[in-house]
Structure formats: C-alpha cells, structure tokens
>>> print(open('work33.pdb').read())   # PDB, C-alpha atoms
MODEL        1
ATOM      1  CA  ASP A   1       1.490  42.249  71.326  1.00  0.00           C
ATOM      2  CA  ALA A   2       3.557  40.471  68.689  1.00  0.00           C
ATOM      3  CA  GLY A   3       7.156  41.486  68.438  1.00  0.00           C
ATOM      4  CA  VAL A   4       9.234  41.529  65.277  1.00  0.00           C
ATOM      5  CA  THR A   5       8.674  38.410  63.219  1.00  0.00           C
ATOM      6  CA  GLN A   6      10.839  37.020  60.429  1.00  0.00           C
ATOM      7  CA  SER A   7      10.417  34.261  57.887  1.00  0.00           C
ATOM      8  CA  PRO A   8      11.675  31.770  57.092  1.00  0.00           C
ATOM      9  CA  THR A   9      13.632  30.614  60.128  1.00  0.00           C
ATOM     10  CA  HIS A  10      16.224  28.723  58.147  1.00  0.00           C
ATOM     11  CA  LEU A  11      17.086  28.643  54.467  1.00  0.00           C
ATOM     12  CA  ILE A  12      19.594  26.741  52.353  1.00  0.00           C
ATOM     13  CA  LYS A  13      20.522  28.066  48.922  1.00  0.00           C
ATOM     14  CA  THR A  14      23.105  27.343  46.262  1.00  0.00           C
ATOM     15  CA  ARG A  15      25.723  29.801  45.029  1.00  0.00           C
ATOM     16  CA  GLY A  16      24.361  32.059  42.322  1.00  0.00           C
ATOM     17  CA  GLN A  17      20.749  31.761  43.427  1.00  0.00           C
ATOM     18  CA  GLN A  18      18.545  34.563  44.707  1.00  0.00           C
ATOM     19  CA  VAL A  19      16.825  34.728  48.092  1.00  0.00           C
ATOM     20  CA  THR A  20      14.063  36.807  49.684  1.00  0.00           C
ATOM     21  CA  LEU A  21      13.734  37.215  53.437  1.00  0.00           C
ATOM     22  CA  ARG A  22      10.693  38.737  55.108  1.00  0.00           C
ATOM     23  CA  CYS A  23      10.096  40.836  58.199  1.00  0.00           C
ATOM     24  CA  SER A  24       7.022  42.143  59.993  1.00  0.00           C
ATOM     25  CA  PRO A  25       7.743  44.976  62.433  1.00  0.00           C
ATOM     26  CA  LYS A  26       6.507  45.297  65.981  1.00  0.00           C
ATOM     27  CA  SER A  27       3.024  46.778  66.234  1.00  0.00           C
ATOM     28  CA  GLY A  28       3.186  50.564  66.041  1.00  0.00           C
ATOM     29  CA  HIS A  29       6.624  50.616  64.400  1.00  0.00           C
ATOM     30  CA  ASP A  30       7.097  52.027  60.914  1.00  0.00           C
ATOM     31  CA  THR A  31      10.864  51.833  60.453  1.00  0.00           C
ATOM     32  CA  VAL A  32      12.681  48.627  59.538  1.00  0.00           C
ATOM     33  CA  SER A  33      16.413  47.964  59.514  1.00  0.00           C
ATOM     34  CA  TRP A  34      18.285  44.902  58.287  1.00  0.00           C
ATOM     35  CA  TYR A  35      21.552  43.539  59.679  1.00  0.00           C
ATOM     36  CA  GLN A  36      23.852  40.685  58.687  1.00  0.00           C
ATOM     37  CA  GLN A  37      25.523  38.719  61.472  1.00  0.00           C
ATOM     38  CA  ALA A  38      28.291  36.386  60.336  1.00  0.00           C
ATOM     39  CA  LEU A  39      29.320  33.576  62.652  1.00  0.00           C
ATOM     40  CA  GLY A  40      31.261  34.900  65.622  1.00  0.00           C
ATOM     41  CA  GLN A  41      30.757  38.543  64.650  1.00  0.00           C
ATOM     42  CA  GLY A  42      28.556  41.424  65.665  1.00  0.00           C
ATOM     43  CA  PRO A  43      25.664  42.444  63.403  1.00  0.00           C
ATOM     44  CA  GLN A  44      26.501  44.712  60.475  1.00  0.00           C
ATOM     45  CA  PHE A  45      24.024  47.273  59.171  1.00  0.00           C
ATOM     46  CA  ILE A  46      22.715  46.625  55.662  1.00  0.00           C
ATOM     47  CA  PHE A  47      20.028  49.312  55.221  1.00  0.00           C
ATOM     48  CA  GLN A  48      17.026  50.982  56.806  1.00  0.00           C
ATOM     49  CA  TYR A  49      13.574  51.678  55.347  1.00  0.00           C
ATOM     50  CA  TYR A  50      11.157  54.398  56.380  1.00  0.00           C
ATOM     51  CA  GLU A  51       8.018  55.445  54.509  1.00  0.00           C
ATOM     52  CA  GLU A  52       8.793  52.834  51.844  1.00  0.00           C
ATOM     53  CA  GLU A  53      12.115  54.516  51.019  1.00  0.00           C
ATOM     54  CA  GLU A  54      15.649  53.391  51.732  1.00  0.00           C
ATOM     55  CA  ARG A  55      16.800  55.997  54.228  1.00  0.00           C
ATOM     56  CA  GLN A  56      20.322  54.827  54.930  1.00  0.00           C
ATOM     57  CA  ARG A  57      22.595  52.112  53.592  1.00  0.00           C
ATOM     58  CA  GLY A  58      25.638  50.381  54.993  1.00  0.00           C
ATOM     59  CA  ASN A  59      28.659  49.093  53.129  1.00  0.00           C
ATOM     60  CA  PHE A  60      26.971  46.286  51.204  1.00  0.00           C
ATOM     61  CA  PRO A  61      26.992  45.686  47.433  1.00  0.00           C
ATOM     62  CA  ASP A  62      24.018  46.304  45.166  1.00  0.00           C
ATOM     63  CA  ARG A  63      23.286  42.569  45.240  1.00  0.00           C
ATOM     64  CA  PHE A  64      21.532  43.399  48.486  1.00  0.00           C
ATOM     65  CA  SER A  65      18.254  45.205  47.939  1.00  0.00           C
ATOM     66  CA  GLY A  66      15.108  45.744  49.896  1.00  0.00           C
ATOM     67  CA  HIS A  67      11.566  46.898  49.902  1.00  0.00           C
ATOM     68  CA  GLN A  68       9.077  48.215  52.407  1.00  0.00           C
ATOM     69  CA  PHE A  69       5.360  47.780  51.918  1.00  0.00           C
ATOM     70  CA  PRO A  70       2.538  50.164  52.936  1.00  0.00           C
ATOM     71  CA  ASN A  71       1.836  47.989  56.004  1.00  0.00           C
ATOM     72  CA  TYR A  72       5.501  48.607  57.042  1.00  0.00           C
ATOM     73  CA  SER A  73       6.590  45.009  56.503  1.00  0.00           C
ATOM     74  CA  SER A  74       9.818  44.587  54.607  1.00  0.00           C
ATOM     75  CA  GLU A  75      11.758  42.246  52.363  1.00  0.00           C
ATOM     76  CA  LEU A  76      15.478  41.751  51.931  1.00  0.00           C
ATOM     77  CA  ASN A  77      16.601  40.371  48.576  1.00  0.00           C
ATOM     78  CA  VAL A  78      20.046  39.022  47.847  1.00  0.00           C
ATOM     79  CA  ASN A  79      21.019  38.184  44.256  1.00  0.00           C
ATOM     80  CA  ALA A  80      23.870  36.050  42.953  1.00  0.00           C
ATOM     81  CA  LEU A  81      24.504  34.442  46.324  1.00  0.00           C
ATOM     82  CA  LEU A  82      28.073  33.871  47.446  1.00  0.00           C
ATOM     83  CA  LEU A  83      29.351  31.468  50.079  1.00  0.00           C
ATOM     84  CA  GLY A  84      30.225  34.531  52.162  1.00  0.00           C
ATOM     85  CA  ASP A  85      26.579  35.526  52.331  1.00  0.00           C
ATOM     86  CA  SER A  86      25.975  32.688  54.776  1.00  0.00           C
ATOM     87  CA  ALA A  87      24.903  34.423  57.984  1.00  0.00           C
ATOM     88  CA  LEU A  88      22.090  35.210  60.363  1.00  0.00           C
ATOM     89  CA  TYR A  89      19.993  38.027  58.920  1.00  0.00           C
ATOM     90  CA  LEU A  90      18.329  40.158  61.548  1.00  0.00           C
ATOM     91  CA  CYS A  91      15.460  42.549  61.104  1.00  0.00           C
ATOM     92  CA  ALA A  92      14.892  45.353  63.594  1.00  0.00           C
ATOM     93  CA  SER A  93      12.012  47.782  63.901  1.00  0.00           C
ATOM     94  CA  SER A  94      11.603  51.134  65.585  1.00  0.00           C
ATOM     95  CA  PRO A  95       8.890  53.780  65.817  1.00  0.00           C
ATOM     96  CA  GLY A  96       8.873  57.165  64.188  1.00  0.00           C
ATOM     97  CA  GLN A  97      11.122  59.245  62.008  1.00  0.00           C
ATOM     98  CA  GLY A  98      13.709  60.136  64.599  1.00  0.00           C
ATOM     99  CA  PHE A  99      16.113  57.617  66.001  1.00  0.00           C
ATOM    100  CA  ARG A 100      14.707  55.230  68.555  1.00  0.00           C
ATOM    101  CA  GLU A 101      16.024  52.036  70.045  1.00  0.00           C
ATOM    102  CA  GLN A 102      15.632  49.124  67.698  1.00  0.00           C
ATOM    103  CA  TYR A 103      13.813  45.904  68.525  1.00  0.00           C
ATOM    104  CA  PHE A 104      15.150  42.781  66.865  1.00  0.00           C
ATOM    105  CA  GLY A 105      13.469  39.715  65.465  1.00  0.00           C
ATOM    106  CA  PRO A 106      14.789  36.159  65.873  1.00  0.00           C
ATOM    107  CA  GLY A 107      16.563  36.228  62.521  1.00  0.00           C
ATOM    108  CA  THR A 108      16.757  34.062  59.424  1.00  0.00           C
ATOM    109  CA  ARG A 109      19.706  31.680  59.186  1.00  0.00           C
ATOM    110  CA  LEU A 110      20.869  31.573  55.552  1.00  0.00           C
ATOM    111  CA  THR A 111      23.292  28.886  54.449  1.00  0.00           C
ATOM    112  CA  VAL A 112      24.802  29.116  50.969  1.00  0.00           C
ATOM    113  CA  THR A 113      26.366  25.912  49.617  1.00  0.00           C
TER     114      THR A 113
ATOM    115  CA  ALA G   1      32.979  57.268  61.704  1.00  0.00           C
ATOM    116  CA  GLN G   2      31.681  55.562  64.766  1.00  0.00           C
ATOM    117  CA  SER G   3      33.115  52.315  66.104  1.00  0.00           C
ATOM    118  CA  VAL G   4      32.930  50.061  69.142  1.00  0.00           C
ATOM    119  CA  THR G   5      35.599  47.944  70.784  1.00  0.00           C
ATOM    120  CA  GLN G   6      34.672  45.218  73.218  1.00  0.00           C
ATOM    121  CA  LEU G   7      37.640  44.019  75.241  1.00  0.00           C
ATOM    122  CA  GLY G   8      37.624  40.275  75.720  1.00  0.00           C
ATOM    123  CA  SER G   9      35.802  37.983  73.342  1.00  0.00           C
ATOM    124  CA  HIS G  10      35.148  35.557  76.195  1.00  0.00           C
ATOM    125  CA  VAL G  11      34.652  36.259  79.904  1.00  0.00           C
ATOM    126  CA  SER G  12      34.117  33.610  82.578  1.00  0.00           C
ATOM    127  CA  VAL G  13      32.783  34.365  86.051  1.00  0.00           C
ATOM    128  CA  SER G  14      31.624  32.248  88.953  1.00  0.00           C
ATOM    129  CA  GLU G  15      27.972  32.253  89.901  1.00  0.00           C
ATOM    130  CA  GLY G  16      27.419  35.101  92.359  1.00  0.00           C
ATOM    131  CA  ALA G  17      30.520  37.016  91.247  1.00  0.00           C
ATOM    132  CA  LEU G  18      30.644  40.470  89.704  1.00  0.00           C
ATOM    133  CA  VAL G  19      30.105  40.679  85.961  1.00  0.00           C
ATOM    134  CA  LEU G  20      32.095  43.350  84.103  1.00  0.00           C
ATOM    135  CA  LEU G  21      31.958  43.563  80.310  1.00  0.00           C
ATOM    136  CA  ARG G  22      34.001  46.322  78.717  1.00  0.00           C
ATOM    137  CA  CYS G  23      33.011  48.594  75.857  1.00  0.00           C
ATOM    138  CA  ASN G  24      34.855  51.577  74.405  1.00  0.00           C
ATOM    139  CA  TYR G  25      33.468  53.676  71.618  1.00  0.00           C
ATOM    140  CA  SER G  26      34.663  56.139  69.056  1.00  0.00           C
ATOM    141  CA  SER G  27      32.288  58.825  67.854  1.00  0.00           C
ATOM    142  CA  SER G  28      32.563  62.328  66.481  1.00  0.00           C
ATOM    143  CA  VAL G  29      29.512  63.543  68.355  1.00  0.00           C
ATOM    144  CA  PRO G  30      27.866  62.600  71.660  1.00  0.00           C
ATOM    145  CA  PRO G  31      26.524  59.165  70.870  1.00  0.00           C
ATOM    146  CA  TYR G  32      23.673  56.974  71.885  1.00  0.00           C
ATOM    147  CA  LEU G  33      24.955  53.730  73.404  1.00  0.00           C
ATOM    148  CA  PHE G  34      23.286  50.373  73.852  1.00  0.00           C
ATOM    149  CA  TRP G  35      23.898  46.937  75.277  1.00  0.00           C
ATOM    150  CA  TYR G  36      22.130  43.963  73.725  1.00  0.00           C
ATOM    151  CA  VAL G  37      22.125  40.309  74.804  1.00  0.00           C
ATOM    152  CA  GLN G  38      21.852  37.344  72.447  1.00  0.00           C
ATOM    153  CA  TYR G  39      21.000  33.850  73.620  1.00  0.00           C
ATOM    154  CA  PRO G  40      21.902  30.899  71.363  1.00  0.00           C
ATOM    155  CA  ASN G  41      19.895  30.758  68.154  1.00  0.00           C
ATOM    156  CA  GLN G  42      17.944  33.888  69.056  1.00  0.00           C
ATOM    157  CA  GLY G  43      17.818  37.534  68.065  1.00  0.00           C
ATOM    158  CA  LEU G  44      19.063  40.468  70.107  1.00  0.00           C
ATOM    159  CA  GLN G  45      17.328  41.741  73.232  1.00  0.00           C
ATOM    160  CA  LEU G  46      17.897  45.287  74.455  1.00  0.00           C
ATOM    161  CA  LEU G  47      19.399  45.346  77.966  1.00  0.00           C
ATOM    162  CA  LEU G  48      19.803  49.095  78.414  1.00  0.00           C
ATOM    163  CA  LYS G  49      20.476  52.347  76.580  1.00  0.00           C
ATOM    164  CA  TYR G  50      22.194  55.691  77.119  1.00  0.00           C
ATOM    165  CA  THR G  51      20.678  58.629  75.253  1.00  0.00           C
ATOM    166  CA  SER G  52      22.375  61.638  76.900  1.00  0.00           C
ATOM    167  CA  ALA G  53      20.339  61.695  80.096  1.00  0.00           C
ATOM    168  CA  ALA G  54      21.660  60.148  83.328  1.00  0.00           C
ATOM    169  CA  THR G  55      25.157  58.722  82.921  1.00  0.00           C
ATOM    170  CA  LEU G  56      24.376  55.681  85.096  1.00  0.00           C
ATOM    171  CA  VAL G  57      21.829  53.597  83.271  1.00  0.00           C
ATOM    172  CA  LYS G  58      19.887  50.720  84.782  1.00  0.00           C
ATOM    173  CA  GLY G  59      18.572  47.961  82.577  1.00  0.00           C
ATOM    174  CA  ILE G  60      16.759  44.682  82.781  1.00  0.00           C
ATOM    175  CA  ASN G  61      17.856  41.596  84.716  1.00  0.00           C
ATOM    176  CA  GLY G  62      19.917  43.635  87.200  1.00  0.00           C
ATOM    177  CA  PHE G  63      22.394  45.007  84.668  1.00  0.00           C
ATOM    178  CA  GLU G  64      23.625  48.576  84.627  1.00  0.00           C
ATOM    179  CA  ALA G  65      26.176  50.618  82.691  1.00  0.00           C
ATOM    180  CA  GLU G  66      27.926  53.928  83.221  1.00  0.00           C
ATOM    181  CA  PHE G  67      28.700  56.385  80.432  1.00  0.00           C
ATOM    182  CA  LYS G  68      32.129  57.960  80.953  1.00  0.00           C
ATOM    183  CA  LYS G  69      32.836  60.564  78.305  1.00  0.00           C
ATOM    184  CA  SER G  70      36.418  61.192  79.445  1.00  0.00           C
ATOM    185  CA  GLU G  71      37.221  57.497  79.011  1.00  0.00           C
ATOM    186  CA  THR G  72      34.901  56.970  76.001  1.00  0.00           C
ATOM    187  CA  SER G  73      33.600  53.921  77.817  1.00  0.00           C
ATOM    188  CA  PHE G  74      30.247  52.296  78.512  1.00  0.00           C
ATOM    189  CA  HIS G  75      31.043  49.201  80.576  1.00  0.00           C
ATOM    190  CA  LEU G  76      28.281  46.788  81.559  1.00  0.00           C
ATOM    191  CA  THR G  77      28.113  45.445  85.125  1.00  0.00           C
ATOM    192  CA  LYS G  78      26.000  43.189  87.292  1.00  0.00           C
ATOM    193  CA  PRO G  79      26.775  42.701  90.985  1.00  0.00           C
ATOM    194  CA  SER G  80      26.016  38.980  91.115  1.00  0.00           C
ATOM    195  CA  ALA G  81      26.090  36.626  88.132  1.00  0.00           C
ATOM    196  CA  HIS G  82      23.361  34.079  87.615  1.00  0.00           C
ATOM    197  CA  MET G  83      23.529  30.976  85.466  1.00  0.00           C
ATOM    198  CA  SER G  84      20.850  32.443  83.218  1.00  0.00           C
ATOM    199  CA  ASP G  85      23.204  35.343  82.355  1.00  0.00           C
ATOM    200  CA  ALA G  86      25.311  33.059  80.172  1.00  0.00           C
ATOM    201  CA  ALA G  87      24.939  34.516  76.680  1.00  0.00           C
ATOM    202  CA  GLU G  88      26.680  36.790  74.195  1.00  0.00           C
ATOM    203  CA  TYR G  89      26.629  40.514  74.863  1.00  0.00           C
ATOM    204  CA  PHE G  90      26.973  43.244  72.256  1.00  0.00           C
ATOM    205  CA  CYS G  91      27.711  46.915  72.757  1.00  0.00           C
ATOM    206  CA  ALA G  92      26.411  49.246  70.038  1.00  0.00           C
ATOM    207  CA  VAL G  93      26.671  52.932  69.188  1.00  0.00           C
ATOM    208  CA  SER G  94      24.698  55.303  67.002  1.00  0.00           C
ATOM    209  CA  ASP G  95      25.113  58.965  66.091  1.00  0.00           C
ATOM    210  CA  PRO G  96      21.624  60.372  65.592  1.00  0.00           C
ATOM    211  CA  GLY G  97      23.006  63.886  65.925  1.00  0.00           C
ATOM    212  CA  ALA G  98      25.086  63.208  62.835  1.00  0.00           C
ATOM    213  CA  GLY G  99      22.050  61.898  60.997  1.00  0.00           C
ATOM    214  CA  SER G 100      23.057  58.271  61.354  1.00  0.00           C
ATOM    215  CA  TYR G 101      20.252  55.866  62.119  1.00  0.00           C
ATOM    216  CA  GLN G 102      22.313  52.713  62.020  1.00  0.00           C
ATOM    217  CA  LEU G 103      23.623  50.792  64.981  1.00  0.00           C
ATOM    218  CA  THR G 104      27.328  49.948  64.871  1.00  0.00           C
ATOM    219  CA  PHE G 105      28.087  46.875  66.953  1.00  0.00           C
ATOM    220  CA  GLY G 106      31.158  45.529  68.628  1.00  0.00           C
ATOM    221  CA  LYS G 107      32.264  41.957  67.988  1.00  0.00           C
ATOM    222  CA  GLY G 108      30.607  40.717  71.134  1.00  0.00           C
ATOM    223  CA  THR G 109      31.674  39.174  74.430  1.00  0.00           C
ATOM    224  CA  LYS G 110      30.566  35.670  75.308  1.00  0.00           C
ATOM    225  CA  LEU G 111      29.836  35.382  79.027  1.00  0.00           C
ATOM    226  CA  SER G 112      30.161  32.004  80.711  1.00  0.00           C
ATOM    227  CA  VAL G 113      28.928  31.510  84.277  1.00  0.00           C
ATOM    228  CA  ILE G 114      30.587  28.742  86.279  1.00  0.00           C
ATOM    229  CA  PRO G 115      28.469  27.045  88.941  1.00  0.00           C
TER     230      PRO G 115
ENDMDL
END
>>> encode(input="work33.pdb", output="structure tokens")
Amino acid sequence: DAGVTQSPTHLIKTRGQQVTLRCSPKSGHDTVSWYQQALGQGPQFIFQYYEEEERQRGNFPDRFSGHQFPNYSSELNVNALLLGDSALYLCASSPGQGFREQYFGPGTRLTVT
Amino acid sequence: AQSVTQLGSHVSVSEGALVLLRCNYSSSVPPYLFWYVQYPNQGLQLLLKYTSAATLVKGINGFEAEFKKSETSFHLTKPSAHMSDAAEYFCAVSDPGAGSYQLTFGKGTKLSVIP
C-alpha cells in the first residue's frame, strides 16, 4: 500500500517565478492538506482540500493556491516566488470528512534563489 | 486560537536513559493532540495521538504520552533511549470540536542520543 507521495523531491527556482508541487494521497484517503516547514521550524498549515474544494486556509497570502482533482490528488501553486518561500513543503492526507490523523509525505524541498 | 509550546529546542540523553520531551498546549476546547517524529530529510511520522479517550496513550517504538488537562500538557516519554531515536520531535494540536481541521505544530525538539 503506497503512502503519500510527492513530486518533485527537490526544486530550485528564481525569485518571481511560479512553481507547482504535486501530491498523491494514501490509498483510501480523500482529504489533502499542505504545510510549509521553514528551516528549523515546525510545519505551518497552508490549506486543506476536500471534495475538490478548499475547506480551510491558514495565514498564507493569495500567492499560494491549490487544486484537488477527482482522483483526490492535489497541487500546490506558488506565484511570484520570494526568497522566504524557500522551505520543505509537506503534503498530508486523511480519510473522510471528519477530522482524522494526517499522514505525511516525504516533502518537496523548494529553494528560491 | 490554539498553540503549542515545546520546551527545549534540543535535548540530549545517554543511550538507555529516560527520554522526556515536553509539550504544553493552549486550546479553547478539548483538543486532539499528536506527537510526530521527523528523521533527517524525511517527512513526519505519527508516533501517537490523544483524541479524548484514555489519557495515557501508547505509541510506536516504545513511546507514550500522558494528557494532563489541569497542566495543559502532553509530554512524550520513553523509558530507555536507543540510538535510533535520534530525530526531531513535533507536538501538534487540533480543535475538531471548533471546526478546525488544521494541525498546529510546535517548533520541535531535536533529540540526540549519546552512546
């Protein structure tokens, strides 16, 4: 049973560019959450998708947007990249509408130069 | 708003010694509480969770944690440290009763195990 998978593993972008990160949830899970983990910090919640809708959003600017597809996979898009966007981006999945523990993928390391 | 404080950004213990990682939370409603472990260059792995059932929760790899409402604490313990326990540990809280599906994490505690 495959767990949560994310692609790419690493990414280097230049300030002002746009980036798309991808996530496939654990089998049987239909809810996907995204977190940003800056170096030396705990993960911070970006947003959560359920039934292809953004259900909840953290304190992140509109430059951060997402999408969930009918197969429950998800994308995180970041526009107009800033140096401060350099971080590990973690995807987590969980089953069902109610809250359940979240299972995390290995993350995508984004470096903005 | 919910929040988590982890006391001690770095804890060192000798192999075979007791591991104690501290977590205090702030929440307006009875929360769900979690401990996750992160090995270098990896994602987060769930160690254990408290979801309003038994206050003493047992997790994987010999870890356990006790929910103490009066102290707003959820400290993580392991009787005997192993070298493979060296990693970063994160405490997290959520308030599903308040309609919040997000996890709020502490800043993490890096555990070093000395041979």
>>> interface_residues(input="work33.pdb", of="chain G", to="chain A", cutoff="12 Å", atoms="all atoms listed in the file", output="JSON, numbers by chain")
{"G": [3, 4, 5, 6, 9, 10, 31, 32, 33, 34, 35, 36, 37, 38, 39, 40, 41, 42, 43, 44, 45, 46, 47, 48, 49, 50, 51, 88, 89, 90, 91, 92, 93, 94, 95, 96, 97, 98, 99, 100, 101, 102, 103, 104, 105, 106, 107, 108, 109, 110]}
>>> write_last_selection(input="work33.pdb", atoms="C-alpha atoms", output="JSON list (two decimals), in the coordinates of the input")
[["chain", "number", "residue", "atom", "x", "y", "z"],
["G", 3, "SER", "CA", 33.12, 52.32, 66.10],
["G", 4, "VAL", "CA", 32.93, 50.06, 69.14],
["G", 5, "THR", "CA", 35.60, 47.94, 70.78],
["G", 6, "GLN", "CA", 34.67, 45.22, 73.22],
["G", 9, "SER", "CA", 35.80, 37.98, 73.34],
["G", 10, "HIS", "CA", 35.15, 35.56, 76.19],
["G", 31, "PRO", "CA", 26.52, 59.16, 70.87],
["G", 32, "TYR", "CA", 23.67, 56.97, 71.89],
["G", 33, "LEU", "CA", 24.96, 53.73, 73.40],
["G", 34, "PHE", "CA", 23.29, 50.37, 73.85],
["G", 35, "TRP", "CA", 23.90, 46.94, 75.28],
["G", 36, "TYR", "CA", 22.13, 43.96, 73.72],
["G", 37, "VAL", "CA", 22.12, 40.31, 74.80],
["G", 38, "GLN", "CA", 21.85, 37.34, 72.45],
["G", 39, "TYR", "CA", 21.00, 33.85, 73.62],
["G", 40, "PRO", "CA", 21.90, 30.90, 71.36],
["G", 41, "ASN", "CA", 19.90, 30.76, 68.15],
["G", 42, "GLN", "CA", 17.94, 33.89, 69.06],
["G", 43, "GLY", "CA", 17.82, 37.53, 68.06],
["G", 44, "LEU", "CA", 19.06, 40.47, 70.11],
["G", 45, "GLN", "CA", 17.33, 41.74, 73.23],
["G", 46, "LEU", "CA", 17.90, 45.29, 74.46],
["G", 47, "LEU", "CA", 19.40, 45.35, 77.97],
["G", 48, "LEU", "CA", 19.80, 49.10, 78.41],
["G", 49, "LYS", "CA", 20.48, 52.35, 76.58],
["G", 50, "TYR", "CA", 22.19, 55.69, 77.12],
["G", 51, "THR", "CA", 20.68, 58.63, 75.25],
["G", 88, "GLU", "CA", 26.68, 36.79, 74.19],
["G", 89, "TYR", "CA", 26.63, 40.51, 74.86],
["G", 90, "PHE", "CA", 26.97, 43.24, 72.26],
["G", 91, "CYS", "CA", 27.71, 46.92, 72.76],
["G", 92, "ALA", "CA", 26.41, 49.25, 70.04],
["G", 93, "VAL", "CA", 26.67, 52.93, 69.19],
["G", 94, "SER", "CA", 24.70, 55.30, 67.00],
["G", 95, "ASP", "CA", 25.11, 58.96, 66.09],
["G", 96, "PRO", "CA", 21.62, 60.37, 65.59],
["G", 97, "GLY", "CA", 23.01, 63.89, 65.92],
["G", 98, "ALA", "CA", 25.09, 63.21, 62.84],
["G", 99, "GLY", "CA", 22.05, 61.90, 61.00],
["G", 100, "SER", "CA", 23.06, 58.27, 61.35],
["G", 101, "TYR", "CA", 20.25, 55.87, 62.12],
["G", 102, "GLN", "CA", 22.31, 52.71, 62.02],
["G", 103, "LEU", "CA", 23.62, 50.79, 64.98],
["G", 104, "THR", "CA", 27.33, 49.95, 64.87],
["G", 105, "PHE", "CA", 28.09, 46.88, 66.95],
["G", 106, "GLY", "CA", 31.16, 45.53, 68.63],
["G", 107, "LYS", "CA", 32.26, 41.96, 67.99],
["G", 108, "GLY", "CA", 30.61, 40.72, 71.13],
["G", 109, "THR", "CA", 31.67, 39.17, 74.43],
["G", 110, "LYS", "CA", 30.57, 35.67, 75.31]]
>>> atom_distance(input="work33.pdb", atom1="CA of Ser112 in chain G", atom2="CA of His75 in chain G")
17.2 Å
>>> closest_residue(input="work33.pdb", among="G:Ala1, G:Val57, G:Val19, G:Leu7", to="Asp85 in chain G", atoms="all atoms listed in the file")
G:Val19
>>> atom_distance(input="work33.pdb", atom1="CA of Ser93 in chain A", atom2="CA of Phe67 in chain G")
25.0 Å
>>> closest_residue(input="work33.pdb", among="A:Thr111, A:Glu75, A:Ser7, A:Gln68", to="Asp30 in chain A", atoms="all atoms listed in the file")
A:Gln68
>>> residues_around(input="work33.pdb", residues="Leu82 in chain A", least_positions_apart="3", cutoff="9 Å", atoms="only C-alpha atoms", output="list of chain:residue names")
A:Thr14, A:Arg15, A:Gly16, A:Gln17, A:Asn79, A:Asp85, A:Ser86, A:Val112, A:Thr113
>>> residues_around(input="work33.pdb", residues="Gln18 in chain A", least_positions_apart="4", cutoff="12 Å", atoms="only C-alpha atoms", output="list in words")
Leu11, Ile12, Lys13, Thr14, Arg63, Phe64, Ser65, Leu76, Asn77, Val78, Asn79, Ala80, Leu81, Leu82, Asp85, Leu110 and Val112 of chain A
>>> build_atoms(input="work33.pdb", residues="range 39-52 of chain G", atoms="N, CA, C and O atoms", output="mmCIF file, keeping the file's coordinate frame")
data_model
loop_
_atom_site.group_PDB
_atom_site.id
_atom_site.type_symbol
_atom_site.label_atom_id
_atom_site.label_comp_id
_atom_site.auth_asym_id
_atom_site.auth_seq_id
_atom_site.Cartn_x
_atom_site.Cartn_y
_atom_site.Cartn_z
ATOM 1 N N TYR G 39 20.942 35.243 73.192
ATOM 2 C CA TYR G 39 21.000 33.850 73.620
ATOM 3 C C TYR G 39 21.149 32.972 72.384
ATOM 4 O O TYR G 39 20.789 33.389 71.274
ATOM 5 N N PRO G 40 21.664 31.760 72.522
ATOM 6 C CA PRO G 40 21.902 30.899 71.363
ATOM 7 C C PRO G 40 20.678 30.763 70.461
ATOM 8 O O PRO G 40 19.567 30.544 70.940
ATOM 9 N N ASN G 41 20.933 30.927 69.179
ATOM 10 C CA ASN G 41 19.895 30.758 68.154
ATOM 11 C C ASN G 41 18.710 31.715 68.325
ATOM 12 O O ASN G 41 17.580 31.382 67.952
ATOM 13 N N GLN G 42 18.990 32.886 68.894
ATOM 14 C CA GLN G 42 17.944 33.888 69.056
ATOM 15 C C GLN G 42 18.409 35.236 68.529
ATOM 16 O O GLN G 42 19.593 35.422 68.206
ATOM 17 N N GLY G 43 17.469 36.173 68.448
ATOM 18 C CA GLY G 43 17.818 37.534 68.065
ATOM 19 C C GLY G 43 18.396 38.300 69.237
ATOM 20 O O GLY G 43 18.765 37.719 70.254
ATOM 21 N N LEU G 44 18.482 39.613 69.081
ATOM 22 C CA LEU G 44 19.063 40.468 70.107
ATOM 23 C C LEU G 44 17.978 41.080 70.984
ATOM 24 O O LEU G 44 16.946 41.526 70.483
ATOM 25 N N GLN G 45 18.252 41.119 72.285
ATOM 26 C CA GLN G 45 17.328 41.741 73.232
ATOM 27 C C GLN G 45 18.015 42.945 73.860
ATOM 28 O O GLN G 45 19.150 42.841 74.333
ATOM 29 N N LEU G 46 17.322 44.076 73.880
ATOM 30 C CA LEU G 46 17.897 45.287 74.455
ATOM 31 C C LEU G 46 17.981 45.168 75.972
ATOM 32 O O LEU G 46 16.979 44.905 76.635
ATOM 33 N N LEU G 47 19.197 45.363 76.516
ATOM 34 C CA LEU G 47 19.399 45.346 77.966
ATOM 35 C C LEU G 47 19.226 46.739 78.558
ATOM 36 O O LEU G 47 18.567 46.915 79.574
ATOM 37 N N LEU G 48 19.880 47.720 77.930
ATOM 38 C CA LEU G 48 19.803 49.095 78.414
ATOM 39 C C LEU G 48 20.321 50.040 77.342
ATOM 40 O O LEU G 48 20.941 49.609 76.368
ATOM 41 N N LYS G 49 20.064 51.351 77.562
ATOM 42 C CA LYS G 49 20.476 52.347 76.580
ATOM 43 C C LYS G 49 20.878 53.642 77.281
ATOM 44 O O LYS G 49 20.350 53.982 78.357
ATOM 45 N N TYR G 50 21.805 54.351 76.695
ATOM 46 C CA TYR G 50 22.194 55.691 77.119
ATOM 47 C C TYR G 50 21.875 56.647 75.977
ATOM 48 O O TYR G 50 22.349 56.474 74.855
ATOM 49 N N THR G 51 21.055 57.663 76.295
ATOM 50 C CA THR G 51 20.678 58.629 75.253
ATOM 51 C C THR G 51 20.844 60.047 75.760
ATOM 52 O O THR G 51 19.987 60.902 75.552
ATOM 53 N N SER G 52 21.945 60.318 76.443
ATOM 54 C CA SER G 52 22.375 61.638 76.900
ATOM 55 C C SER G 52 21.610 62.161 78.108
ATOM 56 O O SER G 52 21.621 63.348 78.361
#
